[in-house]
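Visitor: Sharing data-v7.tsv below, TSV, C-alpha atoms (C1' of nucleotides):
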chain	number	residue	atom	x	y	z
A	277	MET	CA	1.19	15.57	-23.56
A	278	ARG	CA	1.59	12.72	-26.04
A	279	SER	CA	2.28	10.44	-23.13
A	280	ARG	CA	-0.88	11.30	-21.22
A	281	ALA	CA	-3.19	8.66	-22.70
A	282	ALA	CA	-0.69	5.85	-22.27
A	283	VAL	CA	-0.07	6.77	-18.67
A	284	LEU	CA	-3.76	6.99	-17.78
A	285	ALA	CA	-4.50	3.66	-19.45
A	286	ALA	CA	-1.68	1.94	-17.62
A	287	THR	CA	-2.82	3.50	-14.36
A	288	LEU	CA	-6.34	2.15	-14.74
A	289	ASP	CA	-4.96	-1.25	-15.62
A	290	LEU	CA	-2.88	-1.37	-12.51
A	291	VAL	CA	-5.56	-0.02	-10.19
A	292	ALA	CA	-7.97	-2.66	-11.44
A	293	GLU	CA	-5.31	-5.31	-11.10
A	294	ARG	CA	-3.60	-4.49	-7.82
A	295	GLY	CA	-5.63	-1.77	-6.17
A	296	ILE	CA	-4.92	1.88	-5.56
A	297	ALA	CA	-2.25	1.58	-2.89
A	298	ALA	CA	-0.12	-0.82	-4.90
A	299	THR	CA	-0.29	1.31	-8.04
A	300	THR	CA	3.03	3.08	-7.68
A	301	ILE	CA	4.31	5.64	-10.11
A	302	GLU	CA	7.22	3.37	-10.80
A	303	SER	CA	4.93	0.52	-11.84
A	304	VAL	CA	2.91	2.88	-14.03
A	305	ALA	CA	6.12	3.97	-15.73
A	306	GLU	CA	7.09	0.41	-16.45
A	307	ARG	CA	3.63	-0.68	-17.66
A	308	SER	CA	3.07	2.37	-19.85
A	309	GLY	CA	6.55	2.56	-21.28
A	310	VAL	CA	6.70	6.21	-20.25
A	311	ALA	CA	9.66	7.44	-18.25
A	312	LYS	CA	9.11	8.06	-14.57
A	313	THR	CA	10.36	11.62	-14.84
A	314	THR	CA	7.82	12.37	-17.54
A	315	ILE	CA	5.02	11.25	-15.25
A	316	TYR	CA	6.27	13.47	-12.45
A	317	ARG	CA	6.26	16.38	-14.90
A	318	GLN	CA	2.51	16.05	-15.45
A	319	TRP	CA	1.22	14.89	-12.08
A	320	ALA	CA	2.26	16.04	-8.66
A	321	ASP	CA	2.07	12.66	-6.96
A	322	GLN	CA	0.39	9.27	-6.94
A	323	PRO	CA	-3.07	10.37	-5.70
A	324	ALA	CA	-3.25	13.11	-8.32
A	325	LEU	CA	-2.51	10.63	-11.08
A	326	ILE	CA	-5.04	8.08	-9.88
A	327	LEU	CA	-7.77	10.66	-9.36
A	328	ASP	CA	-7.18	11.91	-12.88
A	329	ALA	CA	-7.27	8.39	-14.32
A	330	ILE	CA	-10.50	7.45	-12.61
A	331	ALA	CA	-12.21	10.73	-13.43
A	332	THR	CA	-11.44	10.24	-17.12
A	333	THR	CA	-13.02	6.80	-17.26
A	334	LEU	CA	-16.41	6.58	-15.62
A	335	HIS	CA	-19.27	7.71	-17.83
A	336	GLU	CA	-22.92	8.48	-17.45
A	337	PRO	CA	-25.28	5.78	-18.80
A	338	PRO	CA	-27.51	6.72	-21.77
A	339	ASP	CA	-31.13	7.64	-21.10
A	340	PRO	CA	-33.38	4.84	-22.37
A	341	SER	CA	-36.65	6.77	-22.68
A	342	THR	CA	-38.92	3.94	-23.73
A	343	GLY	CA	-41.95	5.89	-22.55
A	344	ASN	CA	-42.57	3.37	-19.78
A	345	LEU	CA	-41.05	3.33	-16.29
A	346	ARG	CA	-40.61	-0.40	-16.02
A	347	ASP	CA	-38.89	-0.76	-19.37
A	348	ASP	CA	-36.67	2.24	-18.68
A	349	LEU	CA	-35.56	0.75	-15.37
A	350	VAL	CA	-35.01	-2.71	-16.75
A	351	GLN	CA	-32.81	-1.30	-19.46
A	352	LEU	CA	-30.79	0.84	-17.04
A	353	LEU	CA	-30.38	-1.99	-14.55
A	354	VAL	CA	-29.38	-4.57	-17.12
A	355	GLY	CA	-26.75	-2.12	-18.33
A	356	LEU	CA	-25.59	-1.58	-14.77
A	357	ALA	CA	-25.43	-5.30	-14.05
A	358	ARG	CA	-23.30	-5.78	-17.14
A	359	ALA	CA	-20.99	-2.91	-16.19
A	360	LEU	CA	-20.52	-4.37	-12.74
A	361	HIS	CA	-19.16	-7.57	-14.23
A	362	ASP	CA	-17.33	-6.59	-17.39
A	363	GLY	CA	-16.70	-2.87	-17.62
A	364	PRO	CA	-13.82	-0.99	-16.07
A	365	ALA	CA	-16.16	-0.02	-13.23
A	366	ALA	CA	-16.15	-3.64	-12.10
A	367	ALA	CA	-12.72	-3.50	-10.54
A	368	LEU	CA	-12.64	0.25	-10.01
A	369	MET	CA	-15.72	0.64	-7.86
A	370	PRO	CA	-14.62	-1.16	-4.68
A	371	ALA	CA	-11.22	0.49	-4.86
A	372	LEU	CA	-12.85	3.90	-5.17
A	373	ILE	CA	-15.25	3.25	-2.30
A	374	GLU	CA	-12.45	2.08	-0.07
A	375	ALA	CA	-10.30	5.08	-0.89
A	376	ALA	CA	-13.24	7.44	-0.38
A	377	GLU	CA	-13.62	6.10	3.13
A	378	ARG	CA	-10.26	7.57	4.09
A	379	ASP	CA	-9.10	10.22	1.64
A	380	PRO	CA	-11.27	13.34	1.23
A	381	ALA	CA	-10.12	13.87	-2.34
A	382	PHE	CA	-11.30	10.41	-3.33
A	383	ALA	CA	-14.51	10.96	-1.37
A	384	ALA	CA	-15.24	14.07	-3.41
A	385	LEU	CA	-14.56	12.26	-6.66
A	386	HIS	CA	-16.73	9.35	-5.59
A	387	ARG	CA	-19.65	11.65	-4.78
A	388	ARG	CA	-19.26	13.52	-8.05
A	389	GLU	CA	-19.16	10.37	-10.16
A	390	ALA	CA	-22.07	8.82	-8.28
A	391	SER	CA	-24.30	11.84	-8.68
A	392	GLU	CA	-23.53	11.92	-12.39
A	393	ARG	CA	-24.52	8.29	-12.81
A	394	HIS	CA	-27.61	8.87	-10.71
A	395	ARG	CA	-28.86	11.81	-12.72
A	396	VAL	CA	-30.30	9.66	-15.51
A	397	VAL	CA	-31.88	7.16	-13.13
A	398	LEU	CA	-33.48	9.87	-11.05
A	399	ALA	CA	-34.85	11.51	-14.17
A	400	VAL	CA	-36.35	8.22	-15.33
A	401	ILE	CA	-38.03	7.68	-11.97
A	402	ALA	CA	-39.29	11.25	-11.80
A	403	ARG	CA	-40.83	10.82	-15.25
A	404	GLY	CA	-42.55	7.67	-14.01
A	405	VAL	CA	-43.98	9.59	-11.09
A	406	GLY	CA	-45.13	12.31	-13.46
A	407	ARG	CA	-46.95	9.72	-15.55
A	408	GLY	CA	-48.65	8.32	-12.46
A	409	GLU	CA	-46.77	5.02	-12.57
A	410	LEU	CA	-45.68	5.65	-9.00
A	411	PRO	CA	-47.51	7.55	-6.23
A	412	PRO	CA	-46.98	11.34	-6.40
A	413	GLU	CA	-45.30	11.45	-2.98
A	414	THR	CA	-42.55	9.04	-4.13
A	415	ASP	CA	-38.97	10.10	-3.41
A	416	PRO	CA	-36.93	9.16	-6.52
A	417	ALA	CA	-33.74	8.89	-4.44
A	418	GLU	CA	-35.33	6.19	-2.31
A	419	VAL	CA	-36.43	4.24	-5.34
A	420	LEU	CA	-32.93	4.51	-6.74
A	421	ASP	CA	-31.45	2.89	-3.62
A	422	LEU	CA	-34.09	0.17	-3.70
A	423	VAL	CA	-33.45	-0.88	-7.28
A	424	THR	CA	-29.69	-0.48	-7.59
A	425	GLY	CA	-28.67	-1.56	-4.10
A	426	PRO	CA	-29.48	-5.26	-4.59
A	427	LEU	CA	-27.35	-5.38	-7.73
A	428	PHE	CA	-24.33	-4.04	-5.87
A	429	TYR	CA	-24.94	-6.32	-2.94
A	430	ARG	CA	-25.16	-9.39	-5.10
A	431	ARG	CA	-22.03	-8.44	-6.97
A	432	TRP	CA	-19.81	-7.80	-3.97
A	433	VAL	CA	-21.27	-9.58	-0.96
A	434	SER	CA	-23.69	-12.38	-1.62
A	435	ALA	CA	-22.25	-14.02	-4.64
B	141	MET	CA	0.36	-15.26	23.85
B	142	ARG	CA	-0.28	-12.40	26.26
B	143	SER	CA	0.43	-10.02	23.41
B	144	ARG	CA	-2.14	-11.47	21.04
B	145	ALA	CA	-5.12	-9.36	22.06
B	146	ALA	CA	-3.19	-6.10	21.96
B	147	VAL	CA	-1.81	-6.87	18.53
B	148	LEU	CA	-5.19	-7.80	17.06
B	149	ALA	CA	-6.83	-4.70	18.50
B	150	ALA	CA	-4.14	-2.42	17.10
B	151	THR	CA	-4.40	-4.17	13.74
B	152	LEU	CA	-8.14	-3.53	13.51
B	153	ASP	CA	-7.62	0.07	14.52
B	154	LEU	CA	-5.10	0.61	11.78
B	155	VAL	CA	-7.03	-1.23	9.09
B	156	ALA	CA	-10.09	0.89	9.86
B	157	GLU	CA	-7.98	4.02	9.89
B	158	ARG	CA	-5.63	3.59	6.95
B	159	GLY	CA	-6.77	0.53	5.04
B	160	ILE	CA	-5.26	-2.90	4.67
B	161	ALA	CA	-2.31	-2.08	2.48
B	162	ALA	CA	-1.06	0.69	4.75
B	163	THR	CA	-1.32	-1.45	7.84
B	164	THR	CA	2.29	-2.54	8.09
B	165	ILE	CA	3.60	-4.82	10.76
B	166	GLU	CA	5.88	-2.04	11.86
B	167	SER	CA	2.94	0.30	12.45
B	168	VAL	CA	1.07	-2.42	14.34
B	169	ALA	CA	4.09	-2.88	16.57
B	170	GLU	CA	4.22	0.81	17.35
B	171	ARG	CA	0.48	1.18	17.95
B	172	SER	CA	0.17	-1.93	20.11
B	173	GLY	CA	3.34	-1.46	22.09
B	174	VAL	CA	4.35	-5.00	21.18
B	175	ALA	CA	7.80	-5.61	19.73
B	176	LYS	CA	7.99	-6.28	16.02
B	177	THR	CA	9.86	-9.52	16.56
B	178	THR	CA	7.11	-10.79	18.84
B	179	ILE	CA	4.57	-10.23	16.11
B	180	TYR	CA	6.67	-12.14	13.61
B	181	ARG	CA	6.82	-15.00	16.08
B	182	GLN	CA	3.04	-15.44	16.03
B	183	TRP	CA	2.10	-14.53	12.45
B	184	ALA	CA	3.91	-15.42	9.28
B	185	ASP	CA	3.35	-12.14	7.48
B	186	GLN	CA	1.07	-9.13	7.10
B	187	PRO	CA	-1.84	-10.88	5.34
B	188	ALA	CA	-1.93	-13.62	7.96
B	189	LEU	CA	-2.16	-11.07	10.75
B	190	ILE	CA	-4.90	-9.05	9.09
B	191	LEU	CA	-6.95	-12.12	8.19
B	192	ASP	CA	-6.72	-13.26	11.78
B	193	ALA	CA	-7.73	-9.84	13.11
B	194	ILE	CA	-10.76	-9.54	10.85
B	195	ALA	CA	-11.92	-13.09	11.47
B	196	THR	CA	-11.86	-12.51	15.21
B	197	THR	CA	-14.08	-9.44	14.99
B	198	LEU	CA	-17.11	-9.92	12.81
B	199	HIS	CA	-19.99	-11.65	14.54
B	200	GLU	CA	-23.32	-13.10	13.60
B	201	PRO	CA	-26.35	-10.95	14.50
B	202	PRO	CA	-28.80	-12.37	17.10
B	203	ASP	CA	-32.01	-13.99	15.84
B	204	PRO	CA	-34.95	-11.69	16.68
B	205	SER	CA	-37.78	-14.25	16.50
B	206	THR	CA	-40.70	-11.94	17.12
B	207	GLY	CA	-43.04	-14.44	15.50
B	208	ASN	CA	-43.69	-12.05	12.64
B	209	LEU	CA	-41.67	-11.67	9.43
B	210	ARG	CA	-41.95	-7.92	9.15
B	211	ASP	CA	-40.90	-7.28	12.74
B	212	ASP	CA	-38.03	-9.77	12.47
B	213	LEU	CA	-36.74	-8.04	9.36
B	214	VAL	CA	-37.11	-4.54	10.77
B	215	GLN	CA	-35.13	-5.54	13.81
B	216	LEU	CA	-32.37	-7.19	11.79
B	217	LEU	CA	-32.13	-4.31	9.35
B	218	VAL	CA	-32.08	-1.60	12.01
B	219	GLY	CA	-29.27	-3.48	13.67
B	220	LEU	CA	-27.45	-3.75	10.36
B	221	ALA	CA	-27.92	-0.06	9.61
B	222	ARG	CA	-26.46	0.80	12.98
B	223	ALA	CA	-23.51	-1.55	12.50
B	224	LEU	CA	-22.78	0.03	9.13
B	225	HIS	CA	-22.35	3.42	10.75
B	226	ASP	CA	-20.89	2.77	14.19
B	227	GLY	CA	-19.58	-0.76	14.58
B	228	PRO	CA	-16.16	-1.99	13.53
B	229	ALA	CA	-17.76	-3.37	10.39
B	230	ALA	CA	-18.29	0.19	9.20
B	231	ALA	CA	-14.69	0.75	8.21
B	232	LEU	CA	-13.79	-2.89	7.77
B	233	MET	CA	-16.34	-3.85	5.15
B	234	PRO	CA	-15.11	-1.84	2.17
B	235	ALA	CA	-11.51	-2.79	2.95
B	236	LEU	CA	-12.48	-6.45	3.03
B	237	ILE	CA	-14.46	-6.24	-0.19
B	238	GLU	CA	-11.61	-4.52	-1.96
B	239	ALA	CA	-9.08	-7.06	-0.73
B	240	ALA	CA	-11.37	-9.94	-1.67
B	241	GLU	CA	-11.41	-8.65	-5.22
B	242	ARG	CA	-7.71	-9.42	-5.59
B	243	ASP	CA	-6.49	-11.82	-2.91
B	244	PRO	CA	-8.02	-15.32	-2.82
B	245	ALA	CA	-7.40	-15.65	0.93
B	246	PHE	CA	-9.40	-12.50	1.63
B	247	ALA	CA	-12.05	-13.65	-0.81
B	248	ALA	CA	-12.49	-16.86	1.12
B	249	LEU	CA	-12.73	-15.00	4.42
B	250	HIS	CA	-15.23	-12.57	2.92
B	251	ARG	CA	-17.45	-15.39	1.70
B	252	ARG	CA	-17.25	-17.19	5.00
B	253	GLU	CA	-18.12	-14.11	7.07
B	254	ALA	CA	-20.92	-13.14	4.70
B	255	SER	CA	-22.56	-16.55	4.79
B	256	GLU	CA	-22.42	-16.54	8.58
B	257	ARG	CA	-24.15	-13.18	8.76
B	258	HIS	CA	-26.67	-14.33	6.17
B	259	ARG	CA	-27.62	-17.47	8.03
B	260	VAL	CA	-29.89	-15.70	10.49
B	261	VAL	CA	-31.53	-13.53	7.85
B	262	LEU	CA	-32.19	-16.47	5.59
B	263	ALA	CA	-33.71	-18.41	8.48
B	264	VAL	CA	-35.99	-15.50	9.32
B	265	ILE	CA	-37.18	-15.24	5.73
B	266	ALA	CA	-37.67	-18.98	5.42
B	267	ARG	CA	-39.80	-18.95	8.56
B	268	GLY	CA	-41.88	-16.18	7.02
B	269	VAL	CA	-42.40	-18.28	3.92
B	270	GLY	CA	-43.36	-21.22	6.10
B	271	ARG	CA	-45.97	-19.10	7.83
B	272	GLY	CA	-47.40	-18.02	4.50
B	273	GLU	CA	-46.26	-14.41	4.85
B	274	LEU	CA	-44.48	-14.73	1.53
B	275	PRO	CA	-45.43	-16.91	-1.47
B	276	PRO	CA	-44.18	-20.50	-1.15
B	277	GLU	CA	-41.99	-20.22	-4.27
B	278	THR	CA	-39.99	-17.34	-2.73
B	279	ASP	CA	-36.22	-17.64	-2.84
B	280	PRO	CA	-34.92	-16.39	0.53
B	281	ALA	CA	-31.56	-15.44	-0.98
B	282	GLU	CA	-33.30	-13.09	-3.40
B	283	VAL	CA	-35.23	-11.44	-0.61
B	284	LEU	CA	-32.03	-11.03	1.33
B	285	ASP	CA	-30.42	-9.11	-1.53
B	286	LEU	CA	-33.52	-6.97	-1.93
B	287	VAL	CA	-33.69	-5.86	1.68
B	288	THR	CA	-30.03	-5.51	2.62
B	289	GLY	CA	-28.69	-4.20	-0.68
B	290	PRO	CA	-30.28	-0.76	-0.38
B	291	LEU	CA	-28.75	-0.26	3.07
B	292	PHE	CA	-25.28	-0.94	1.75
B	293	TYR	CA	-25.83	1.22	-1.28
B	294	ARG	CA	-27.01	4.16	0.75
B	295	ARG	CA	-24.10	3.82	3.13
B	296	TRP	CA	-21.34	3.69	0.55
B	297	VAL	CA	-22.60	5.17	-2.70
B	298	SER	CA	-25.62	7.41	-2.53
B	299	ALA	CA	-25.13	9.90	0.31
C	92	DT	C1'	14.49	25.25	-41.39
C	93	DC	C1'	14.91	26.61	-36.75
C	94	DG	C1'	13.44	27.09	-32.34
C	95	DT	C1'	10.44	25.22	-28.74
C	96	DT	C1'	8.38	21.72	-26.31
C	97	DT	C1'	8.12	17.05	-24.85
C	98	DC	C1'	10.26	13.22	-23.66
C	99	DG	C1'	13.94	9.44	-22.26
C	100	DC	C1'	17.68	8.14	-19.48
C	101	DT	C1'	20.98	7.89	-15.72
C	102	DA	C1'	22.06	8.93	-11.23
C	103	DC	C1'	21.14	10.05	-6.82
C	104	DA	C1'	19.81	10.81	-1.69
C	105	DC	C1'	16.28	9.54	1.18
C	106	DA	C1'	12.71	7.08	3.71
C	107	DC	C1'	10.32	3.03	4.83
C	108	DG	C1'	9.09	-1.62	5.51
C	109	DC	C1'	10.61	-6.50	5.47
C	110	DG	C1'	12.24	-10.37	7.87
C	111	DT	C1'	16.01	-12.33	10.72
C	112	DA	C1'	19.74	-12.97	14.21
C	113	DG	C1'	21.33	-12.62	18.70
C	114	DC	C1'	21.02	-11.60	23.35
C	115	DG	C1'	18.90	-10.48	27.52
C	116	DT	C1'	15.08	-10.53	31.02
C	117	DA	C1'	10.57	-11.14	33.52
C	118	DG	C1'	7.10	-14.21	34.70
C	119	DA	C1'	5.00	-18.78	35.17
C	120	DC	C1'	5.05	-23.33	36.26
C	121	DT	C1'	6.72	-27.45	39.04
D	23	DA	C1'	15.18	-23.66	43.40
D	24	DG	C1'	15.44	-24.32	38.77
D	25	DT	C1'	13.52	-24.49	34.14
D	26	DC	C1'	10.99	-22.89	30.30
D	27	DT	C1'	8.38	-19.88	27.67
D	28	DA	C1'	7.08	-15.38	26.06
D	29	DC	C1'	8.66	-11.21	25.33
D	30	DG	C1'	11.66	-6.82	24.50
D	31	DC	C1'	15.42	-4.66	22.25
D	32	DT	C1'	19.15	-3.57	19.05
D	33	DA	C1'	21.12	-4.12	14.80
D	34	DC	C1'	21.31	-5.55	10.53
D	35	DG	C1'	21.00	-6.33	4.99
D	36	DC	C1'	17.84	-6.04	1.52
D	37	DG	C1'	14.46	-4.37	-1.61
D	38	DT	C1'	11.45	-0.87	-3.33
D	39	DG	C1'	9.35	3.51	-3.97
D	40	DT	C1'	9.89	8.68	-3.75
D	41	DG	C1'	11.01	12.87	-5.89
D	42	DT	C1'	14.72	15.66	-8.11
D	43	DA	C1'	18.68	17.12	-11.13
D	44	DG	C1'	21.02	17.28	-15.31
D	45	DC	C1'	21.73	16.24	-19.96
D	46	DG	C1'	20.70	14.85	-24.54
D	47	DA	C1'	17.57	13.48	-28.32
D	48	DA	C1'	13.34	13.46	-30.78
D	49	DA	C1'	9.07	15.42	-32.33
D	50	DC	C1'	6.41	19.27	-33.19
D	51	DG	C1'	4.89	23.95	-35.03
D	52	DA	C1'	5.51	28.21	-37.56
As structure tokens, what does this structure read like?

Guide:
Amino acid sequence: MRSRAAVLAATLDLVAERGIAATTIESVAERSGVAKTTIYRQWADQPALILDAIATTLHEPPDPSTGNLRDDLVQLLVGLARALHDGPAAALMPALIEAAERDPAFAALHRREASERHRVVLAVIARGVGRGELPPETDPAEVLDLVTGPLFYRRWVSA
Amino acid sequence: MRSRAAVLAATLDLVAERGIAATTIESVAERSGVAKTTIYRQWADQPALILDAIATTLHEPPDPSTGNLRDDLVQLLVGLARALHDGPAAALMPALIEAAERDPAFAALHRREASERHRVVLAVIARGVGRGELPPETDPAEVLDLVTGPLFYRRWVSA
DNA sequence: TCGTTTCGCTACACACGCGTAGCGTAGACT
DNA sequence: AGTCTACGCTACGCGTGTGTAGCGAAACGA
């Protein structure tokens, strides 16, 4: 298990650099300096390794809790905008979305990771509704799409 | 050149089904019923074929021109929402975005296709500004991100 | 210290896709 | 009729990745 961290790090590197399909176990072995046979001892195949690597990387954002909906959202969205350009998510996200479109295992991971990231945002919005900063009939999930969608769109479509 | 249409159709099929990387020239030959050598006679390599196939498929949406900004936008966005679920763009878009992240040729195609699709939307918004339906200092590109972003986000991230 | 686990390395058979060469044939054009 | 172009087909050599077996060495834990 000493090799685990090195392998996962190399895997993320390569996925970000070349995409999921081109991240072969052989290339991970070379990049990580870990023998190919050692990798096969810990992971069944390429998808298993990549799923593991991605799952170990994406984290939930911290809850701002400024006491004010607008400030909470600004803080969350600025953090998100930064992550979309610098963080590991920057290169991982489109690869994960693309894989999720075709492989059920990646789809499940994608949903799980997304709902984790959404938890904080939804809580922030719900608090805002509770404080009367938004109408009581507001659906937090709709607000979430409205505020985060444009950031994604600008990052990956309109430039 | 009689084979061209069959090859391009099979290519789009396979890209939508398995992704860009897995769409080999050999699989296109099998799916299309066109000999592998014939494909190599018309396209230099796999990227060239896929770029050609994608470029031949994505079209500009029609300009609604209802005379009213809100109705124009609703019509455009309903059309977009439909295209994101049924049309060929549904499976093509994430593959194209992912490829654009790494391959400059795909990035150029992505930008070109996006700006074509945006042209109509930007015109609609600019007309709205001209009619005083939006403040004169409005940036149409910002409005575009705000209205289309959530659709993309809902399609590929939240549910 | 001694045993157990983890790892590295070589070697291998296998499958797949690439890209090309060479030859033959059907259809279109004149 | 003859010519020319587009196409099909077989057969390659080559590279690369898969996944496994077998053996030895190094690091770890009690």

Visitor: Of the candidates B:Asp226, B:Glu166, B:Asp203, B:Glu157, which one gets nearest to chain A if we count all atoms listed in the file?

Guide: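 Closest to chain A, using all atoms listed in the file: B:Glu157.
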
Visitor: Which residue is closest to Gln215 of chain B? Choose from B:Ile160, B:Val264, B:Leu286, B:Ala150 and count only C-alpha atoms.

Guide: B:Val264

Visitor: Would you compute the distance between atom CA of Ser205 of chain B and atom CA of Ala229 of chain B? Give it in Å to one decimal.

Guide: 23.6 Å

Visitor: When the cut-off is 12 Å and we count only C-alpha atoms, which residues of chain B are near chain A, given as a PyMOL selection string?

Guide: chain B and resi 154-163+225+230-243+247-259+262+281-299

Visitor: For C-alpha atoms, I'd like the residues from the last selection saved as a PDB file, in the coordinates of the input.

Guide:
ATOM      1  CA  LEU B 154      -5.100   0.610  11.780  1.00  0.00           C
ATOM      2  CA  VAL B 155      -7.030  -1.230   9.090  1.00  0.00           C
ATOM      3  CA  ALA B 156     -10.090   0.890   9.860  1.00  0.00           C
ATOM      4  CA  GLU B 157      -7.980   4.020   9.890  1.00  0.00           C
ATOM      5  CA  ARG B 158      -5.630   3.590   6.950  1.00  0.00           C
ATOM      6  CA  GLY B 159      -6.770   0.530   5.040  1.00  0.00           C
ATOM      7  CA  ILE B 160      -5.260  -2.900   4.670  1.00  0.00           C
ATOM      8  CA  ALA B 161      -2.310  -2.080   2.480  1.00  0.00           C
ATOM      9  CA  ALA B 162      -1.060   0.690   4.750  1.00  0.00           C
ATOM     10  CA  THR B 163      -1.320  -1.450   7.840  1.00  0.00           C
ATOM     11  CA  HIS B 225     -22.350   3.420  10.750  1.00  0.00           C
ATOM     12  CA  ALA B 230     -18.290   0.190   9.200  1.00  0.00           C
ATOM     13  CA  ALA B 231     -14.690   0.750   8.210  1.00  0.00           C
ATOM     14  CA  LEU B 232     -13.790  -2.890   7.770  1.00  0.00           C
ATOM     15  CA  MET B 233     -16.340  -3.850   5.150  1.00  0.00           C
ATOM     16  CA  PRO B 234     -15.110  -1.840   2.170  1.00  0.00           C
ATOM     17  CA  ALA B 235     -11.510  -2.790   2.950  1.00  0.00           C
ATOM     18  CA  LEU B 236     -12.480  -6.450   3.030  1.00  0.00           C
ATOM     19  CA  ILE B 237     -14.460  -6.240  -0.190  1.00  0.00           C
ATOM     20  CA  GLU B 238     -11.610  -4.520  -1.960  1.00  0.00           C
ATOM     21  CA  ALA B 239      -9.080  -7.060  -0.730  1.00  0.00           C
ATOM     22  CA  ALA B 240     -11.370  -9.940  -1.670  1.00  0.00           C
ATOM     23  CA  GLU B 241     -11.410  -8.650  -5.220  1.00  0.00           C
ATOM     24  CA  ARG B 242      -7.710  -9.420  -5.590  1.00  0.00           C
ATOM     25  CA  ASP B 243      -6.490 -11.820  -2.910  1.00  0.00           C
ATOM     26  CA  ALA B 247     -12.050 -13.650  -0.810  1.00  0.00           C
ATOM     27  CA  ALA B 248     -12.490 -16.860   1.120  1.00  0.00           C
ATOM     28  CA  LEU B 249     -12.730 -15.000   4.420  1.00  0.00           C
ATOM     29  CA  HIS B 250     -15.230 -12.570   2.920  1.00  0.00           C
ATOM     30  CA  ARG B 251     -17.450 -15.390   1.700  1.00  0.00           C
ATOM     31  CA  ARG B 252     -17.250 -17.190   5.000  1.00  0.00           C
ATOM     32  CA  GLU B 253     -18.120 -14.110   7.070  1.00  0.00           C
ATOM     33  CA  ALA B 254     -20.920 -13.140   4.700  1.00  0.00           C
ATOM     34  CA  SER B 255     -22.560 -16.550   4.790  1.00  0.00           C
ATOM     35  CA  GLU B 256     -22.420 -16.540   8.580  1.00  0.00           C
ATOM     36  CA  ARG B 257     -24.150 -13.180   8.760  1.00  0.00           C
ATOM     37  CA  HIS B 258     -26.670 -14.330   6.170  1.00  0.00           C
ATOM     38  CA  ARG B 259     -27.620 -17.470   8.030  1.00  0.00           C
ATOM     39  CA  LEU B 262     -32.190 -16.470   5.590  1.00  0.00           C
ATOM     40  CA  ALA B 281     -31.560 -15.440  -0.980  1.00  0.00           C
ATOM     41  CA  GLU B 282     -33.300 -13.090  -3.400  1.00  0.00           C
ATOM     42  CA  VAL B 283     -35.230 -11.440  -0.610  1.00  0.00           C
ATOM     43  CA  LEU B 284     -32.030 -11.030   1.330  1.00  0.00           C
ATOM     44  CA  ASP B 285     -30.420  -9.110  -1.530  1.00  0.00           C
ATOM     45  CA  LEU B 286     -33.520  -6.970  -1.930  1.00  0.00           C
ATOM     46  CA  VAL B 287     -33.690  -5.860   1.680  1.00  0.00           C
ATOM     47  CA  THR B 288     -30.030  -5.510   2.620  1.00  0.00           C
ATOM     48  CA  GLY B 289     -28.690  -4.200  -0.680  1.00  0.00           C
ATOM     49  CA  PRO B 290     -30.280  -0.760  -0.380  1.00  0.00           C
ATOM     50  CA  LEU B 291     -28.750  -0.260   3.070  1.00  0.00           C
ATOM     51  CA  PHE B 292     -25.280  -0.940   1.750  1.00  0.00           C
ATOM     52  CA  TYR B 293     -25.830   1.220  -1.280  1.00  0.00           C
ATOM     53  CA  ARG B 294     -27.010   4.160   0.750  1.00  0.00           C
ATOM     54  CA  ARG B 295     -24.100   3.820   3.130  1.00  0.00           C
ATOM     55  CA  TRP B 296     -21.340   3.690   0.550  1.00  0.00           C
ATOM     56  CA  VAL B 297     -22.600   5.170  -2.700  1.00  0.00           C
ATOM     57  CA  SER B 298     -25.620   7.410  -2.530  1.00  0.00           C
ATOM     58  CA  ALA B 299     -25.130   9.900   0.310  1.00  0.00           C
TER      59      ALA B 299
END

Visitor: Using only C-alpha atoms (C1' of nucleotides), give me every residue within 6 Å of (-3.1, -3.0, 16.6) in file coordinates, as a ChimeraX atom specification.

Guide: /B:147-153,168,171-172

Visitor: Under the rule that only C-alpha atoms (C1' of nucleotides) are counted, which of B:Ala145, B:Ala169, B:Ala266, B:Val174 is the nearest residue to chain D?

Guide: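 For chain D, the nearest of the candidates is B:Val174.
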
Visitor: Can you pull out the residues contacting DC98 of chain C? Cut-off 10 Å, using all atoms listed in the file, and skip same-chain residues under 4 positions away; I want them as a PyMOL selection string.

Guide: (chain A and resi 277-279+310-311+313-314) or (chain D and resi 47-49)
